[in-house]
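Novice: Before I ask anything, let me first share the structure, which is written out below as structure tokens.
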Amino acid sequence: MNKPFAILEQWVKEGRIHLSNDRLQEPVEDEARDFPEEPMPKGLSDAELFEFAMREVKSLGWSAVPLHNRPPVEIQPQDEEQDALRALEEFVRRGNVDIEQTAEYIEGSIQPHGRLYLDDLRSGRFSVQAHLDLHGLNLQDARFVLEEFLLESVRAGFSCVRVIHGRGRHSYKHHPVLKKNVQRWLCARRMSRHVIAYTSARRCDGGGGAVYVLLRK
């Protein structure tokens, strides 16, 4: 086994190494310091005893500085309707609003692959080959006329037509009755076999008051 310090003992015997006679001084424990105890006065209240105990305590000087210099935060009530109107007003000021970004916009994919044509249909990339105006008709007549119009358009080989249903501004409580029913009729079994998809028309073609209808050939 290697003992690198075994040779030290031999060197001491030969006088080659001299050990110091000075002994390490043992650490001296700190002597307990006696602090004079001042007798506590008797007959004092708690508040007076506290003042007596704290009589020599000095302030560091920073405790008098307030922790916060900011004024208190005031919570203002929020009006979501007014905020929405302001946002809409600001948006309109910057430019024209696309019809699909308004509440009037509608669209539907009747056939499974119809969603593939929605972007082109709403953008007006399909040429409108015929149109039908349903203004002034009651629901029964409007449905009959719409069915006949779509059948004749399919027979003629048209792929895209426009149906004007109006915005319902002259109906009871301004509800777009024809508009809602046109959507329902286009999805009904009788018409859905001829319809691929539909979207609200561009503003130049009636906007939210009309729909483009993509037909099956």
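We label chains A, B, ... in the order they appear in the structure tokens, count residues from 1 in each chain, and number ligands from 1 in the order shown.
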Any idea what's packed within 10 Å of Ser200 of chain A, counting only C-alpha atoms, ignoring anything in its chain fewer than 6 positions away? Could you give it as a VMD selection string?

Specialist: chain A and resid 99 to 100 104 to 108 121 to 123 162 to 164 206 to 213

Novice: Could you turn the residues from that selection into a file that holds C-alpha atoms, as a PDB file, in the first residue's frame?

Specialist:
```pdb
ATOM      1  CA  ILE A  99     -70.597  41.579 -45.726  1.00  0.00           C
ATOM      2  CA  GLU A 100     -69.306  38.410 -44.015  1.00  0.00           C
ATOM      3  CA  GLU A 104     -76.606  40.053 -41.929  1.00  0.00           C
ATOM      4  CA  TYR A 105     -74.257  37.538 -43.485  1.00  0.00           C
ATOM      5  CA  ILE A 106     -75.493  33.957 -43.987  1.00  0.00           C
ATOM      6  CA  GLU A 107     -73.996  30.917 -45.665  1.00  0.00           C
ATOM      7  CA  GLY A 108     -74.623  27.211 -45.904  1.00  0.00           C
ATOM      8  CA  LEU A 121     -69.119  32.083 -54.032  1.00  0.00           C
ATOM      9  CA  ARG A 122     -69.140  34.944 -51.511  1.00  0.00           C
ATOM     10  CA  SER A 123     -66.382  36.738 -53.434  1.00  0.00           C
ATOM     11  CA  ARG A 162     -79.159  35.137 -57.180  1.00  0.00           C
ATOM     12  CA  VAL A 163     -82.279  35.202 -55.003  1.00  0.00           C
ATOM     13  CA  ILE A 164     -83.386  38.548 -53.555  1.00  0.00           C
ATOM     14  CA  GLY A 206     -77.880  43.279 -52.581  1.00  0.00           C
ATOM     15  CA  GLY A 207     -75.645  42.411 -49.632  1.00  0.00           C
ATOM     16  CA  GLY A 208     -77.564  40.907 -46.724  1.00  0.00           C
ATOM     17  CA  GLY A 209     -80.790  41.176 -48.715  1.00  0.00           C
ATOM     18  CA  ALA A 210     -79.855  38.548 -51.287  1.00  0.00           C
ATOM     19  CA  VAL A 211     -78.065  35.209 -51.621  1.00  0.00           C
ATOM     20  CA  TYR A 212     -75.931  33.542 -54.242  1.00  0.00           C
ATOM     21  CA  VAL A 213     -77.041  29.957 -54.834  1.00  0.00           C
TER      22      VAL A 213
END
```

Novice: Which residues, written as a list in words, have at least one atom at most 12 Å from Trp185 of chain A, with only C-alpha atoms counted and residues fewer than 2 positions away on the same chain left out?

Specialist: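 My list of contacting residues is Gly108, Ile110, Leu139, Gln140, Ala142, Arg143, Phe144, Val145, Leu146, Glu147, Leu150, Leu178, Lys179, Lys180, Asn181, Val182, Gln183, Cys187, Ala188, Arg189, Arg190, Met191, Ser192, Arg193, His194, Val195 and Tyr198 of chain A.
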
Novice: Would you mind exporting C-alpha atoms of the selected residues as a PDB file, in the first residue's frame?

Specialist:
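Written out: again.pdb:
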```pdb
ATOM      1  CA  GLY A 108     -74.623  27.211 -45.904  1.00  0.00           C
ATOM      2  CA  ILE A 110     -75.846  21.758 -48.545  1.00  0.00           C
ATOM      3  CA  LEU A 139     -94.478  32.681 -47.700  1.00  0.00           C
ATOM      4  CA  GLN A 140     -96.568  30.203 -49.665  1.00  0.00           C
ATOM      5  CA  ALA A 142     -92.472  32.720 -52.310  1.00  0.00           C
ATOM      6  CA  ARG A 143     -91.681  29.045 -51.737  1.00  0.00           C
ATOM      7  CA  PHE A 144     -93.514  27.936 -54.880  1.00  0.00           C
ATOM      8  CA  VAL A 145     -91.844  30.587 -57.032  1.00  0.00           C
ATOM      9  CA  LEU A 146     -88.411  29.768 -55.583  1.00  0.00           C
ATOM     10  CA  GLU A 147     -88.790  26.061 -56.295  1.00  0.00           C
ATOM     11  CA  LEU A 150     -84.400  26.722 -59.189  1.00  0.00           C
ATOM     12  CA  LEU A 178     -88.392  35.661 -46.043  1.00  0.00           C
ATOM     13  CA  LYS A 179     -84.646  35.525 -45.455  1.00  0.00           C
ATOM     14  CA  LYS A 180     -84.940  32.903 -42.723  1.00  0.00           C
ATOM     15  CA  ASN A 181     -87.372  30.816 -44.717  1.00  0.00           C
ATOM     16  CA  VAL A 182     -85.250  30.937 -47.871  1.00  0.00           C
ATOM     17  CA  GLN A 183     -82.406  29.378 -45.870  1.00  0.00           C
ATOM     18  CA  CYS A 187     -81.861  23.009 -47.063  1.00  0.00           C
ATOM     19  CA  ALA A 188     -85.181  21.146 -47.436  1.00  0.00           C
ATOM     20  CA  ARG A 189     -85.181  17.781 -49.181  1.00  0.00           C
ATOM     21  CA  ARG A 190     -87.071  19.024 -52.227  1.00  0.00           C
ATOM     22  CA  MET A 191     -84.525  21.742 -53.091  1.00  0.00           C
ATOM     23  CA  SER A 192     -81.321  20.475 -51.462  1.00  0.00           C
ATOM     24  CA  ARG A 193     -80.815  17.901 -54.221  1.00  0.00           C
ATOM     25  CA  HIS A 194     -80.271  20.807 -56.638  1.00  0.00           C
ATOM     26  CA  VAL A 195     -78.273  23.135 -54.334  1.00  0.00           C
ATOM     27  CA  TYR A 198     -75.276  29.471 -50.728  1.00  0.00           C
TER      28      TYR A 198
END
```

Novice: Can you tell me, as a VMD selection string, what residues are no more than 12 Å from His113 of chain A when counting only C-alpha atoms, ignoring any on the same chain fewer than 6 positions away?

Specialist: chain A and resid 195 to 197 214 216

Novice: Selection from above, N, CA, C and O atoms, as a short mmCIF file (atom, residue, chain, number, x, y, z; two decimals), in the first residue's frame, can you write it?

Specialist:
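For reference, out-v7.cif as written:
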```cif
data_model
loop_
_atom_site.label_atom_id
_atom_site.label_comp_id
_atom_site.auth_asym_id
_atom_site.auth_seq_id
_atom_site.Cartn_x
_atom_site.Cartn_y
_atom_site.Cartn_z
N VAL A 195 -79.10 22.05 -54.86
CA VAL A 195 -78.27 23.14 -54.33
C VAL A 195 -76.99 22.57 -53.74
O VAL A 195 -77.00 21.59 -52.99
N ILE A 196 -75.86 23.20 -54.07
CA ILE A 196 -74.56 22.82 -53.50
C ILE A 196 -74.25 23.67 -52.28
O ILE A 196 -73.88 23.16 -51.23
N ALA A 197 -74.40 24.99 -52.39
CA ALA A 197 -74.10 25.91 -51.29
C ALA A 197 -74.73 27.25 -51.59
O ALA A 197 -75.18 27.52 -52.70
N LEU A 214 -75.42 28.27 -55.46
CA LEU A 214 -74.64 27.46 -56.38
C LEU A 214 -75.40 26.17 -56.67
O LEU A 214 -75.75 25.43 -55.73
N ARG A 216 -76.30 22.43 -58.71
CA ARG A 216 -75.71 21.23 -59.31
C ARG A 216 -76.15 21.14 -60.77
O ARG A 216 -77.30 21.42 -61.10
#
```

Novice: DSSP on the backbone, then: every residue of segment 106-217 of chain A marked helix (DSSP H, G or I), written as a PyMOL selection string.

Specialist: chain A and resi 112-122+139-155+172-174+177-187+189-192+203-205+207-209
